[in-house]
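Participant: Sharing a structure with you now.
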Amino acid sequence: MTDATSENKTAADAAKSSALPQEEIARLTDDIIAALKTVYDPEIPADIYELGLIYRVDIADDRAVTIDMTLTTPNCPSAQELPTMVENAVASVAGVGEVKVNIVWDPPWDQTRMSDEARATLNMW
């Protein structure tokens, strides 16, 4: 999980090598993160972004978005539906092109990836 400072740095770094203006990359990044925060694992009352399930968001020059995400466990009952939910949420962002979601297992997810907001929601201090 990245914090706001590193998110902005990522957007700024991407803009240096992108055909898209820096302001547009920053807007897309913010809007994509907002969309990701609307997706909840049906079994956990915290959004997938705050849970730390999103590992990477890449915005290409053609506005295609590739997302690397993981699940809390390989046996997650929501393994089939969560990637589709993520794809649909990100595809709804204005200005986003094709969306591809990759499930990755390395590094494995653990509770240290959760934000303070998710910890508070789940009472996991």
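All residue names refer to the structure tokens as shown: chains lettered A, B, ... in order, residues numbered from 1 in each chain, ligands numbered from 1 in order.
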Excluding Arg56 (chain A) and residues on its chain fewer than 5 positions from it, collect all residues at most 8 Å away from it, counting only C-alpha atoms, and give them as a ChimeraX atom specification.

Facilitator: /A:66-69

Participant: Would you list the contacts of Asn88 (chain A) as a PyMOL selection string, taking every protein, DNA or RNA residue within 10 Å and counting only C-alpha atoms, but skipping same-chain residues closer than 4 positions in sequence?

Facilitator: chain A and resi 35-36+39+82-84+92-93+99

Participant: I'd like the contact shell of Ile59 (chain A) - 10 Å cut-off, only C-alpha atoms, skipping same-chain residues fewer than 5 positions apart - returned as number ranges by chain.

Facilitator: A: 11, 14-15, 18, 20, 25, 28-29, 32, 64-67, 96-97, 99

Participant: List the neighbours of region 112-124 of chain A out to 9 Å using only C-alpha atoms; skip same-chain residues closer than 2 positions along the sequence, and give me the result as a ChimeraX atom specification.

Facilitator: /A:1,44-47,49-53,109-110

Participant: Print the selection's residues with N, CA and C atoms to a file, as a tab-separated table (two decimals), in the first residue's frame.

Facilitator:
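Listed below is the output, again39.tsv:
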```tsv
chain	number	residue	atom	x	y	z
A	1	MET	N	0.86	-1.17	0.00
A	1	MET	CA	0.00	0.00	0.00
A	1	MET	C	0.90	1.22	0.00
A	44	ILE	N	-15.46	-8.97	4.41
A	44	ILE	CA	-14.68	-8.08	5.28
A	44	ILE	C	-15.23	-6.66	5.13
A	45	PRO	N	-15.59	-6.00	6.22
A	45	PRO	CA	-16.20	-4.67	6.12
A	45	PRO	C	-15.19	-3.52	5.94
A	46	ALA	N	-14.21	-3.73	5.06
A	46	ALA	CA	-13.24	-2.69	4.73
A	46	ALA	C	-12.98	-2.78	3.24
A	47	ASP	N	-12.70	-1.63	2.61
A	47	ASP	CA	-12.49	-1.67	1.16
A	47	ASP	C	-11.15	-2.29	0.81
A	49	TYR	N	-8.75	-1.35	-1.10
A	49	TYR	CA	-7.59	-0.46	-1.12
A	49	TYR	C	-7.01	-0.31	0.28
A	50	GLU	N	-7.87	-0.05	1.26
A	50	GLU	CA	-7.42	0.10	2.64
A	50	GLU	C	-6.93	-1.22	3.22
A	51	LEU	N	-7.45	-2.33	2.71
A	51	LEU	CA	-6.97	-3.64	3.16
A	51	LEU	C	-5.56	-3.92	2.64
A	52	GLY	N	-5.12	-3.17	1.65
A	52	GLY	CA	-3.78	-3.36	1.09
A	52	GLY	C	-3.74	-4.43	0.02
A	53	LEU	N	-4.88	-4.71	-0.62
A	53	LEU	CA	-4.93	-5.74	-1.64
A	53	LEU	C	-4.47	-5.23	-3.01
A	109	TRP	N	-0.05	-11.44	0.82
A	109	TRP	CA	-0.72	-10.44	1.66
A	109	TRP	C	-0.62	-10.85	3.12
A	110	ASP	N	-0.45	-9.86	3.98
A	110	ASP	CA	-0.59	-10.08	5.42
A	110	ASP	C	-1.15	-8.80	6.04
```

Participant: Identify, with DSSP run on backbone atoms, the residues in chain A assigned to strand (DSSP E or B), and express the list as a list in words.

Facilitator: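 Across chain A, those assigned strand (DSSP E or B) are Tyr40, Asp47, Ile54, Tyr55, Arg56, Val57, Asp58, Ile59, Val65, Thr66, Ile67, Asp68, Met69, Val99, Lys100, Val101, Asn102 and Ile103 of chain A.
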
Participant: So which residues of chain A fall under alpha helix (DSSP H) by DSSP, listed as a PyMOL selection string?

Facilitator: chain A and resi 4-16+22-36+48-51+81-91+116-122

Participant: Could you write those residues out with C-alpha atoms, as a PDB file, in the first residue's frame?

Facilitator:
```pdb
ATOM      1  CA  ALA A   4      -0.528   9.857  -0.388  1.00  0.00           C
ATOM      2  CA  THR A   5       3.026  11.192  -0.685  1.00  0.00           C
ATOM      3  CA  SER A   6       4.296   8.217  -2.635  1.00  0.00           C
ATOM      4  CA  GLU A   7       1.082   8.180  -4.735  1.00  0.00           C
ATOM      5  CA  ASN A   8       1.779  11.757  -5.787  1.00  0.00           C
ATOM      6  CA  LYS A   9       5.423  10.917  -6.433  1.00  0.00           C
ATOM      7  CA  THR A  10       4.338   7.940  -8.551  1.00  0.00           C
ATOM      8  CA  ALA A  11       1.983  10.136 -10.564  1.00  0.00           C
ATOM      9  CA  ALA A  12       4.697  12.784 -10.988  1.00  0.00           C
ATOM     10  CA  ASP A  13       7.293  10.192 -12.048  1.00  0.00           C
ATOM     11  CA  ALA A  14       4.846   8.669 -14.524  1.00  0.00           C
ATOM     12  CA  ALA A  15       4.075  12.088 -16.001  1.00  0.00           C
ATOM     13  CA  LYS A  16       7.749  12.682 -16.784  1.00  0.00           C
ATOM     14  CA  GLN A  22       0.915  15.381 -15.290  1.00  0.00           C
ATOM     15  CA  GLU A  23      -2.385  16.906 -14.145  1.00  0.00           C
ATOM     16  CA  GLU A  24      -4.342  14.256 -16.048  1.00  0.00           C
ATOM     17  CA  ILE A  25      -2.284  11.410 -14.568  1.00  0.00           C
ATOM     18  CA  ALA A  26      -2.819  12.851 -11.080  1.00  0.00           C
ATOM     19  CA  ARG A  27      -6.579  13.155 -11.699  1.00  0.00           C
ATOM     20  CA  LEU A  28      -6.826   9.629 -13.082  1.00  0.00           C
ATOM     21  CA  THR A  29      -4.782   8.274 -10.171  1.00  0.00           C
ATOM     22  CA  ASP A  30      -7.004   9.994  -7.598  1.00  0.00           C
ATOM     23  CA  ASP A  31     -10.200   8.910  -9.371  1.00  0.00           C
ATOM     24  CA  ILE A  32      -8.991   5.316  -9.749  1.00  0.00           C
ATOM     25  CA  ILE A  33      -8.113   5.138  -6.052  1.00  0.00           C
ATOM     26  CA  ALA A  34     -11.535   6.568  -5.184  1.00  0.00           C
ATOM     27  CA  ALA A  35     -13.147   3.896  -7.391  1.00  0.00           C
ATOM     28  CA  LEU A  36     -11.063   1.146  -5.764  1.00  0.00           C
ATOM     29  CA  ILE A  48      -9.849  -3.509  -0.819  1.00  0.00           C
ATOM     30  CA  TYR A  49      -7.587  -0.455  -1.124  1.00  0.00           C
ATOM     31  CA  GLU A  50      -7.418   0.102   2.638  1.00  0.00           C
ATOM     32  CA  LEU A  51      -6.967  -3.644   3.157  1.00  0.00           C
ATOM     33  CA  GLU A  81     -15.875 -11.902  -8.197  1.00  0.00           C
ATOM     34  CA  LEU A  82     -13.372  -9.406  -6.726  1.00  0.00           C
ATOM     35  CA  PRO A  83     -11.259  -8.957  -9.892  1.00  0.00           C
ATOM     36  CA  THR A  84     -14.429  -8.315 -11.909  1.00  0.00           C
ATOM     37  CA  MET A  85     -15.650  -5.846  -9.294  1.00  0.00           C
ATOM     38  CA  VAL A  86     -12.276  -4.038  -9.477  1.00  0.00           C
ATOM     39  CA  GLU A  87     -12.332  -4.008 -13.277  1.00  0.00           C
ATOM     40  CA  ASN A  88     -15.864  -2.586 -13.356  1.00  0.00           C
ATOM     41  CA  ALA A  89     -15.128   0.079 -10.731  1.00  0.00           C
ATOM     42  CA  VAL A  90     -11.990   1.313 -12.507  1.00  0.00           C
ATOM     43  CA  ALA A  91     -13.641   1.150 -15.943  1.00  0.00           C
ATOM     44  CA  ASP A 116      -4.832   2.432   9.939  1.00  0.00           C
ATOM     45  CA  GLU A 117      -8.351   3.089   8.630  1.00  0.00           C
ATOM     46  CA  ALA A 118      -8.851  -0.626   7.871  1.00  0.00           C
ATOM     47  CA  ARG A 119      -7.364  -1.608  11.238  1.00  0.00           C
ATOM     48  CA  ALA A 120      -9.782   0.730  13.010  1.00  0.00           C
ATOM     49  CA  THR A 121     -12.739  -0.568  11.012  1.00  0.00           C
ATOM     50  CA  LEU A 122     -11.830  -4.165  11.809  1.00  0.00           C
TER      51      LEU A 122
END
```

Participant: Would you compute the distance between CA of Lys37 (chain A) and CA of Asp61 (chain A)? Give it in Å to one decimal.

Facilitator: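 CA of Asp61 (chain A) lies 23.8 Å from CA of Lys37 (chain A).
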
Participant: Which of these residues is nearest to Glu98 (chain A), using only C-alpha atoms: A:Tyr55, A:Ala60, A:Leu71, A:Thr38?

Facilitator: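 Selected residue with least distance to Glu98 (chain A): A:Ala60.
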